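Enquirer: start_1.txt is reproduced in full below (compact mmCIF, C-alpha atoms (C1' of nucleotides)).
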```
# COMPACT_ATOMS: atom_id res chain seq x y z
CA MET A 1 -0.50 -33.85 12.58
CA SER A 2 2.88 -32.45 13.40
CA ALA A 3 3.21 -29.59 15.81
CA LEU A 4 4.35 -26.26 14.49
CA TRP A 5 8.05 -25.63 14.50
CA PRO A 6 8.83 -24.26 17.94
CA ASP A 7 10.83 -21.29 16.72
CA ASP A 8 8.32 -20.19 14.13
CA PRO A 9 6.45 -16.99 14.79
CA PRO A 10 2.69 -17.33 15.00
CA PRO A 11 0.97 -16.95 11.62
CA CYS A 12 -0.12 -13.34 12.06
CA ALA A 13 -3.45 -14.06 13.66
CA PRO A 14 -5.61 -16.90 14.88
CA SER A 15 -7.88 -18.50 12.31
CA GLY A 16 -6.67 -17.07 9.06
CA CYS A 17 -4.38 -14.11 8.54
CA SER A 18 -6.26 -11.03 7.46
CA VAL A 19 -3.23 -8.83 7.40
CA GLU A 20 -3.27 -8.63 3.65
CA GLU A 21 -6.87 -7.53 3.73
CA VAL A 22 -5.88 -4.52 5.80
CA VAL A 23 -3.09 -3.61 3.49
CA ASP A 24 -5.22 -4.02 0.42
CA ARG A 25 -7.84 -1.75 1.87
CA VAL A 26 -5.78 0.91 3.55
CA GLY A 27 -2.54 0.51 1.65
CA SER A 28 -3.50 2.26 -1.54
CA LYS A 29 -1.68 5.52 -1.92
CA TRP A 30 -4.52 7.89 -1.06
CA SER A 31 -6.98 5.95 1.09
CA VAL A 32 -5.62 7.03 4.43
CA SER A 33 -5.41 10.66 3.39
CA ILE A 34 -9.01 10.61 2.26
CA LEU A 35 -10.29 8.84 5.35
CA ILE A 36 -8.55 11.33 7.58
CA ALA A 37 -9.65 14.31 5.56
CA ALA A 38 -13.25 13.10 5.66
CA SER A 39 -13.27 12.49 9.39
CA SER A 40 -14.32 16.01 10.26
CA GLY A 41 -17.81 15.58 8.88
CA PRO A 42 -19.35 15.52 5.40
CA VAL A 43 -16.95 16.90 2.83
CA ARG A 44 -17.42 17.91 -0.75
CA PHE A 45 -15.37 16.62 -3.65
CA THR A 46 -13.53 19.84 -4.27
CA ALA A 47 -12.79 20.36 -0.61
CA LEU A 48 -11.17 16.95 -0.50
CA GLU A 49 -9.17 17.73 -3.56
CA ARG A 50 -7.85 20.92 -1.99
CA SER A 51 -7.03 19.35 1.34
CA ILE A 52 -5.00 16.52 -0.12
CA PRO A 53 -2.01 18.04 -1.86
CA GLY A 54 -0.81 16.18 -4.90
CA ILE A 55 -3.83 14.00 -5.51
CA SER A 56 -5.19 13.90 -9.03
CA ARG A 57 -8.87 14.16 -9.86
CA ARG A 58 -8.76 10.69 -11.26
CA MET A 59 -7.26 9.06 -8.17
CA LEU A 60 -9.57 10.96 -5.87
CA THR A 61 -12.54 9.61 -7.77
CA LEU A 62 -11.20 6.07 -7.97
CA THR A 63 -10.21 5.88 -4.33
CA LEU A 64 -13.54 7.31 -3.24
CA ARG A 65 -15.32 4.66 -5.30
CA ASN A 66 -13.32 1.89 -3.69
CA LEU A 67 -13.93 3.24 -0.21
CA GLU A 68 -17.60 3.49 -1.00
CA ARG A 69 -17.60 -0.04 -2.32
CA ASP A 70 -16.05 -1.31 0.89
CA GLY A 71 -18.68 0.47 2.94
CA LEU A 72 -16.24 2.95 4.45
CA ILE A 73 -17.65 6.05 2.87
CA VAL A 74 -21.15 7.22 2.00
CA ARG A 75 -21.71 9.31 -1.08
CA THR A 76 -24.64 11.70 -1.03
CA VAL A 77 -25.74 13.53 -4.15
CA PHE A 78 -27.82 16.70 -3.98
CA PRO A 79 -29.51 17.15 -7.38
CA THR A 80 -28.96 20.88 -7.48
CA MET A 81 -27.36 23.04 -10.11
CA PRO A 82 -24.40 22.99 -10.00
CA PRO A 83 -24.24 19.48 -8.57
CA ARG A 84 -23.26 19.01 -4.96
CA VAL A 85 -21.85 15.75 -3.63
CA GLU A 86 -20.87 15.05 -0.06
CA TYR A 87 -18.76 12.26 1.34
CA SER A 88 -18.89 11.07 4.92
CA LEU A 89 -17.53 8.20 6.94
CA THR A 90 -19.63 5.23 7.95
CA PRO A 91 -19.55 4.07 11.60
CA MET A 92 -17.20 1.29 10.54
CA ALA A 93 -14.76 3.82 9.12
CA ALA A 94 -15.09 6.00 12.19
CA GLU A 95 -13.90 3.05 14.23
CA LEU A 96 -10.94 2.76 11.91
CA GLN A 97 -9.98 6.37 12.57
CA ALA A 98 -8.40 5.69 15.94
CA ALA A 99 -5.99 3.17 14.48
CA LEU A 100 -5.21 5.45 11.57
CA VAL A 101 -4.52 8.43 13.80
CA ALA A 102 -2.20 6.29 15.90
CA LEU A 103 -0.39 5.26 12.74
CA VAL A 104 0.03 8.79 11.48
CA GLY A 105 1.14 9.94 14.90
CA TRP A 106 3.79 7.29 14.97
CA ALA A 107 5.03 8.30 11.54
CA GLN A 108 5.32 11.91 12.55
CA ARG A 109 7.14 11.16 15.78
CA HIS A 110 9.70 8.97 14.02
CA ARG A 111 9.99 10.79 10.75
CA GLY A 112 13.44 12.11 11.51
CA GLU A 113 14.66 8.84 12.92
CA ILE A 114 13.59 7.05 9.77
CA ALA A 115 15.24 9.61 7.53
CA ASP A 116 18.47 9.20 9.46
CA ALA A 117 18.31 5.43 9.24
CA ARG A 118 17.84 5.67 5.50
CA ALA A 119 20.71 8.06 5.06
CA ARG A 120 23.04 5.81 7.03
CA TYR A 121 21.91 2.72 5.14
CA ASP A 122 22.34 4.35 1.76
CA GLU A 123 25.69 5.82 2.60
CA ARG A 124 26.93 2.47 3.80
CA ALA A 125 25.86 0.80 0.58
CA GLU A 126 26.85 3.61 -1.85
CA MET B 1 -2.41 35.52 3.48
CA SER B 2 -5.95 34.36 3.11
CA ALA B 3 -7.50 32.09 5.66
CA LEU B 4 -8.29 28.53 4.69
CA TRP B 5 -11.65 27.84 3.24
CA PRO B 6 -13.97 27.23 6.18
CA ASP B 7 -15.46 24.03 4.83
CA ASP B 8 -12.17 22.44 3.94
CA PRO B 9 -11.07 19.55 6.07
CA PRO B 10 -7.78 20.07 7.86
CA PRO B 11 -4.83 19.00 5.73
CA CYS B 12 -4.24 15.66 7.42
CA ALA B 13 -1.93 16.91 10.12
CA PRO B 14 -0.36 20.08 11.47
CA SER B 15 2.92 21.14 9.89
CA GLY B 16 3.15 18.95 6.82
CA CYS B 17 1.14 15.87 6.02
CA SER B 18 3.14 12.71 6.49
CA VAL B 19 0.25 10.41 5.78
CA GLU B 20 1.72 9.26 2.53
CA GLU B 21 4.97 8.42 4.23
CA VAL B 22 3.13 6.04 6.52
CA VAL B 23 1.33 4.40 3.70
CA ASP B 24 4.46 4.06 1.63
CA ARG B 25 6.26 2.45 4.51
CA VAL B 26 3.56 0.18 5.85
CA GLY B 27 1.44 -0.14 2.75
CA SER B 28 3.62 -2.44 0.75
CA LYS B 29 2.05 -5.83 0.38
CA TRP B 30 4.13 -7.74 2.92
CA SER B 31 5.48 -5.18 5.38
CA VAL B 32 2.76 -5.55 7.96
CA SER B 33 2.88 -9.31 7.82
CA ILE B 34 6.60 -9.28 8.40
CA LEU B 35 6.48 -6.76 11.21
CA ILE B 36 3.84 -8.77 13.00
CA ALA B 37 5.59 -12.07 12.42
CA ALA B 38 8.82 -10.62 13.76
CA SER B 39 7.25 -9.15 16.87
CA SER B 40 7.66 -12.31 18.92
CA GLY B 41 11.42 -11.96 19.12
CA PRO B 42 14.33 -12.59 16.76
CA VAL B 43 13.26 -14.70 13.81
CA ARG B 44 15.22 -16.47 11.16
CA PHE B 45 14.70 -16.05 7.45
CA THR B 46 13.17 -19.43 6.86
CA ALA B 47 10.90 -19.14 9.86
CA LEU B 48 9.52 -15.92 8.43
CA GLU B 49 9.05 -17.53 5.08
CA ARG B 50 7.04 -20.36 6.63
CA SER B 51 4.89 -18.15 8.81
CA ILE B 52 3.84 -15.86 5.99
CA PRO B 53 1.84 -17.95 3.54
CA GLY B 54 2.16 -16.93 -0.06
CA ILE B 55 5.24 -14.76 0.21
CA SER B 56 8.00 -15.38 -2.28
CA ARG B 57 11.66 -15.54 -1.37
CA ARG B 58 12.28 -12.51 -3.47
CA MET B 59 9.66 -10.34 -1.80
CA LEU B 60 10.66 -11.48 1.65
CA THR B 61 14.21 -10.39 0.96
CA LEU B 62 13.23 -7.11 -0.64
CA THR B 63 10.76 -6.14 2.06
CA LEU B 64 13.22 -7.05 4.78
CA ARG B 65 15.82 -4.83 3.13
CA ASN B 66 13.42 -1.91 3.02
CA LEU B 67 12.41 -2.37 6.63
CA GLU B 68 16.05 -2.53 7.58
CA ARG B 69 16.76 0.59 5.60
CA ASP B 70 14.02 2.46 7.41
CA GLY B 71 15.42 1.37 10.74
CA LEU B 72 12.47 -0.85 11.61
CA ILE B 73 14.30 -4.12 11.57
CA VAL B 74 17.78 -5.19 12.60
CA ARG B 75 19.57 -7.89 10.67
CA THR B 76 22.08 -9.98 12.58
CA VAL B 77 24.37 -12.40 10.78
CA PHE B 78 26.06 -15.27 12.59
CA PRO B 79 29.03 -16.35 10.50
CA THR B 80 28.45 -20.05 11.06
CA MET B 81 28.09 -22.85 8.62
CA PRO B 82 25.38 -23.06 7.43
CA PRO B 83 24.74 -19.32 7.74
CA ARG B 84 22.29 -18.07 10.32
CA VAL B 85 20.56 -14.71 10.10
CA GLU B 86 18.12 -13.29 12.59
CA TYR B 87 15.73 -10.41 12.23
CA SER B 88 14.32 -8.44 15.10
CA LEU B 89 12.32 -5.27 15.57
CA THR B 90 13.88 -2.02 16.65
CA PRO B 91 12.29 -0.07 19.53
CA MET B 92 10.75 2.23 16.94
CA ALA B 93 9.06 -0.72 15.24
CA ALA B 94 7.95 -2.09 18.57
CA GLU B 95 6.11 1.16 19.15
CA LEU B 96 4.45 0.71 15.79
CA GLN B 97 3.14 -2.70 16.79
CA ALA B 98 0.23 -1.40 18.84
CA ALA B 99 -1.16 0.57 15.92
CA LEU B 100 -0.67 -2.36 13.58
CA VAL B 101 -2.44 -4.77 15.88
CA ALA B 102 -5.32 -2.34 16.22
CA LEU B 103 -5.53 -2.16 12.46
CA VAL B 104 -5.58 -5.89 12.00
CA GLY B 105 -8.15 -6.26 14.75
CA TRP B 106 -10.39 -3.78 13.02
CA ALA B 107 -10.06 -5.63 9.74
CA GLN B 108 -11.02 -8.90 11.35
CA ARG B 109 -14.00 -7.49 13.18
CA HIS B 110 -15.41 -5.90 10.04
CA ARG B 111 -14.40 -8.47 7.53
CA GLY B 112 -17.93 -9.69 6.96
CA GLU B 113 -19.43 -6.23 6.89
CA ILE B 114 -16.99 -5.20 4.21
CA ALA B 115 -17.68 -8.29 2.13
CA ASP B 116 -21.39 -7.55 2.31
CA ALA B 117 -20.90 -3.93 1.31
CA ARG B 118 -18.87 -5.05 -1.67
CA ALA B 119 -21.45 -7.58 -2.75
CA ARG B 120 -24.23 -5.01 -2.57
CA TYR B 121 -22.19 -2.42 -4.44
CA ASP B 122 -21.24 -4.84 -7.21
CA GLU B 123 -24.74 -6.16 -7.57
CA ARG B 124 -26.11 -2.66 -7.83
CA ALA B 125 -23.63 -1.78 -10.56
CA GLU B 126 -23.65 -5.05 -12.54
C1' DC C 1 -19.10 21.17 -9.85
C1' DG C 2 -18.05 16.47 -10.05
C1' DG C 3 -16.83 13.52 -12.43
C1' DG C 4 -15.81 9.72 -16.85
C1' DA C 5 -12.69 8.07 -20.78
C1' DT C 6 -8.07 7.39 -22.76
C1' DC C 7 -3.30 7.09 -23.08
C1' DC C 8 0.82 5.58 -21.35
C1' DC C 9 4.55 4.73 -18.37
C1' DT C 10 6.36 3.17 -14.22
C1' DT C 11 6.29 -0.14 -10.37
C1' DG C 12 5.28 -4.07 -7.79
C1' DC C 13 5.46 -8.47 -7.65
C1' DG C 14 5.37 -13.48 -8.98
C1' DA C 15 8.01 -17.40 -11.26
C1' DT C 16 12.06 -19.45 -12.00
C1' DA C 17 16.86 -20.48 -11.78
C1' DC C 18 21.46 -20.01 -9.78
C1' DT C 19 24.98 -19.32 -5.59
C1' DG C 20 28.30 -19.02 -1.30
C1' DC D 1 20.40 -21.70 4.94
C1' DA D 2 19.85 -17.40 3.10
C1' DG D 3 19.96 -15.27 -0.22
C1' DT D 4 20.92 -12.87 -5.67
C1' DA D 5 19.72 -12.41 -10.79
C1' DT D 6 16.73 -12.11 -14.58
C1' DC D 7 12.41 -12.03 -16.93
C1' DG D 8 7.97 -10.54 -17.68
C1' DC D 9 3.31 -9.26 -16.88
C1' DA D 10 -0.41 -6.74 -14.78
C1' DA D 11 -1.79 -3.29 -11.80
C1' DG D 12 -1.23 1.49 -10.05
C1' DG D 13 -1.36 5.82 -10.97
C1' DG D 14 -0.27 10.51 -13.47
C1' DA D 15 -1.64 13.70 -17.51
C1' DT D 16 -4.89 15.21 -20.35
C1' DC D 17 -9.27 16.00 -22.46
C1' DC D 18 -14.24 15.76 -22.45
C1' DC D 19 -18.99 16.00 -20.41
C1' DG D 20 -23.88 16.88 -18.00
```
Once more with this new file: its structure as structure tokens, please.
Expert:
Amino acid sequence: MSALWPDDPPPCAPSGCSVEEVVDRVGSKWSVSILIAASSGPVRFTALERSIPGISRRMLTLTLRNLERDGLIVRTVFPTMPPRVEYSLTPMAAELQAALVALVGWAQRHRGEIADARARYDERAE
Amino acid sequence: MSALWPDDPPPCAPSGCSVEEVVDRVGSKWSVSILIAASSGPVRFTALERSIPGISRRMLTLTLRNLERDGLIVRTVFPTMPPRVEYSLTPMAAELQAALVALVGWAQRHRGEIADARARYDERAE
DNA sequence: CGGGATCCCTTGCGATACTG
DNA sequence: CAGTATCGCAAGGGATCCCG
């Protein structure tokens, strides 16, 4: 077998690149918002809806279902009247929090820098 | 002004939630792969293409343009024949690396757990 | 309160072909 | 080598209405 080309970057990770898995899981528009909003303990549906500006009922439901499917969120139904449903993070998702917080922190620190870069790029292209 | 509802989770972050900005920037299908592949120093177009399995020429170009626009990647053209173009991370992107690596590490550690959760969820729904 | 069902439009993205 | 151009589909996601 031939050796890898010397100037090629390593293929993302040893033994199979799971980068796309991350993006598929966390890259949907609302996943990160929901995971962060749910990190402060069990949260109800409506509370989530209020704390995430701009999200539609439909996308909140869909994203919650996907997160539940992936084992990141636990859905608990209290059969009361009116119904009460609580969402909370699994231990696996709690572990993810640190990375997510780092990511959001980075975005906030460099928000202005990015905006400037965009403006310059767009102006230059006009 | 009324106080926030006590049981509402905090709105993602103090002073404006930039969570969606992060996701928009990093959440596109190939961004993370490219950023990681480019972290080992200046990389040429073709080298990137080889090290990211499954990416199309079109998406590589488009994603690189977006990353350049956001100030995450610098594009350097050497006017030789044949042409030679190198891509490298900006300091801002280098700072992002740590968070990205953490994210990928998390995905790899929990890959099996997630697959299991999915299988159980799907079986239960059938 | 916590959703599900539909409609519909925008976009991401792959495939393919052409170029300096 | 390092792209650009065009086509076309399928998924993502918003709006709206309905329901137990």
Enquirer: Mind checking which residues fall within 9 Å of D:DG13, counting all atoms listed in the file, ignoring those fewer than 2 positions away in the same chain, and posting them as an MDAnalysis selection string?
Expert: (chainID A and resid 58:59) or (chainID C and resid 10)
Enquirer: Those residues with C-alpha atoms (C1' of nucleotides), as an mmCIF file, in the frame of the given file please?
Expert:
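Below is the file part.cif, written as the result:
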```cif
data_model
loop_
_atom_site.group_PDB
_atom_site.id
_atom_site.type_symbol
_atom_site.label_atom_id
_atom_site.label_comp_id
_atom_site.auth_asym_id
_atom_site.auth_seq_id
_atom_site.Cartn_x
_atom_site.Cartn_y
_atom_site.Cartn_z
ATOM 1 C CA ARG A 58 -8.760 10.690 -11.260
ATOM 2 C CA MET A 59 -7.260 9.060 -8.170
ATOM 3 C "C1'" DT C 10 6.360 3.170 -14.220
#
```
Enquirer: If you count all atoms listed in the file, which residues fall within 12 Å of B:Arg69, apart from same-chain ones fewer than 4 positions away, as JSON, numbers by chain?
Expert: {"A": [113, 114, 115, 116, 117, 118, 119, 120, 121, 122, 123, 124, 125], "B": [25, 62, 63, 64, 65, 73, 74, 75, 90]}
Enquirer: Grab the residues selected above and save them as a PDB file, keeping the file's coordinate frame with C-alpha atoms.
Expert:
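Below you can see result.pdb, which holds the result:
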```pdb
ATOM      1  CA  GLU A 113      14.660   8.840  12.920  1.00  0.00           C
ATOM      2  CA  ILE A 114      13.590   7.050   9.770  1.00  0.00           C
ATOM      3  CA  ALA A 115      15.240   9.610   7.530  1.00  0.00           C
ATOM      4  CA  ASP A 116      18.470   9.200   9.460  1.00  0.00           C
ATOM      5  CA  ALA A 117      18.310   5.430   9.240  1.00  0.00           C
ATOM      6  CA  ARG A 118      17.840   5.670   5.500  1.00  0.00           C
ATOM      7  CA  ALA A 119      20.710   8.060   5.060  1.00  0.00           C
ATOM      8  CA  ARG A 120      23.040   5.810   7.030  1.00  0.00           C
ATOM      9  CA  TYR A 121      21.910   2.720   5.140  1.00  0.00           C
ATOM     10  CA  ASP A 122      22.340   4.350   1.760  1.00  0.00           C
ATOM     11  CA  GLU A 123      25.690   5.820   2.600  1.00  0.00           C
ATOM     12  CA  ARG A 124      26.930   2.470   3.800  1.00  0.00           C
ATOM     13  CA  ALA A 125      25.860   0.800   0.580  1.00  0.00           C
TER      14      ALA A 125
ATOM     15  CA  ARG B  25       6.260   2.450   4.510  1.00  0.00           C
ATOM     16  CA  LEU B  62      13.230  -7.110  -0.640  1.00  0.00           C
ATOM     17  CA  THR B  63      10.760  -6.140   2.060  1.00  0.00           C
ATOM     18  CA  LEU B  64      13.220  -7.050   4.780  1.00  0.00           C
ATOM     19  CA  ARG B  65      15.820  -4.830   3.130  1.00  0.00           C
ATOM     20  CA  ILE B  73      14.300  -4.120  11.570  1.00  0.00           C
ATOM     21  CA  VAL B  74      17.780  -5.190  12.600  1.00  0.00           C
ATOM     22  CA  ARG B  75      19.570  -7.890  10.670  1.00  0.00           C
ATOM     23  CA  THR B  90      13.880  -2.020  16.650  1.00  0.00           C
TER      24      THR B  90
END
```
Enquirer: Of the candidates B:Arg44, B:Lys29, B:Arg57, B:Arg109, which one gets nearest to D:DT4 if we count only C-alpha atoms (C1' of nucleotides)?
Expert: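 For D:DT4, the nearest of the given residues is B:Arg57.
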Enquirer: Taking all atoms listed in the file into account, what are the residues of chain B at most 8 Å from chain A, put as a VMD selection string?
Expert: chain B and resid 7 to 12 18 to 24 26 to 30 32 to 33 36 to 38 40 43 47 to 48 50 to 52 69 to 71 92 95 to 96 99 to 100 102 to 104 106 to 108 110 113 to 115 117 to 118 121 to 122
Enquirer: Could you list, as a list in words, every residue of chain C that has an atom within 9 Å of an atom of chain A, counting all atoms listed in the file?
Expert: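 Residues satisfying the distance criterion: DC1, DG2 and DG3 of chain C.
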Enquirer: Quick one, how far is atom C1' of C:DG4 from atom C1' of D:DA15?
Expert: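 Interatomic distance, atom C1' of C:DG4 to atom C1' of D:DA15: 14.7 Å.
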Enquirer: Kindly determine which residues of chain D lie within 12 Å of chain B, considering all atoms listed in the file, and give the answer as a PDB file with C-alpha atoms (C1' of nucleotides), in the coordinates of the input.
Expert:
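Output below, filename result_38.pdb:
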```
ATOM      1  C1'  DC D   1      20.400 -21.700   4.940  1.00  0.00           C
ATOM      2  C1'  DA D   2      19.850 -17.400   3.100  1.00  0.00           C
ATOM      3  C1'  DG D   3      19.960 -15.270  -0.220  1.00  0.00           C
ATOM      4  C1'  DT D   4      20.920 -12.870  -5.670  1.00  0.00           C
ATOM      5  C1'  DA D   5      19.720 -12.410 -10.790  1.00  0.00           C
ATOM      6  C1'  DT D   6      16.730 -12.110 -14.580  1.00  0.00           C
TER       7       DT D   6
END
```
Enquirer: Using all atoms listed in the file, which residues sit within 10 Å of D:DC7 once same-chain residues fewer than 2 positions away are excluded, as a VMD selection string?
Expert: (chain C and resid 15 to 16) or (chain D and resid 5 9)
Enquirer: When you draw a straight line from atom CA of B:Leu89 to atom CA of B:Ser56, how long is it in Å?
Expert: 21.0 Å
Enquirer: As an exercise, work out the distance from atom C1' of C:DA5 to atom C1' of D:DC19 in Å and give it to one decimal place.
Expert: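 These atoms are spaced 10.1 Å apart.
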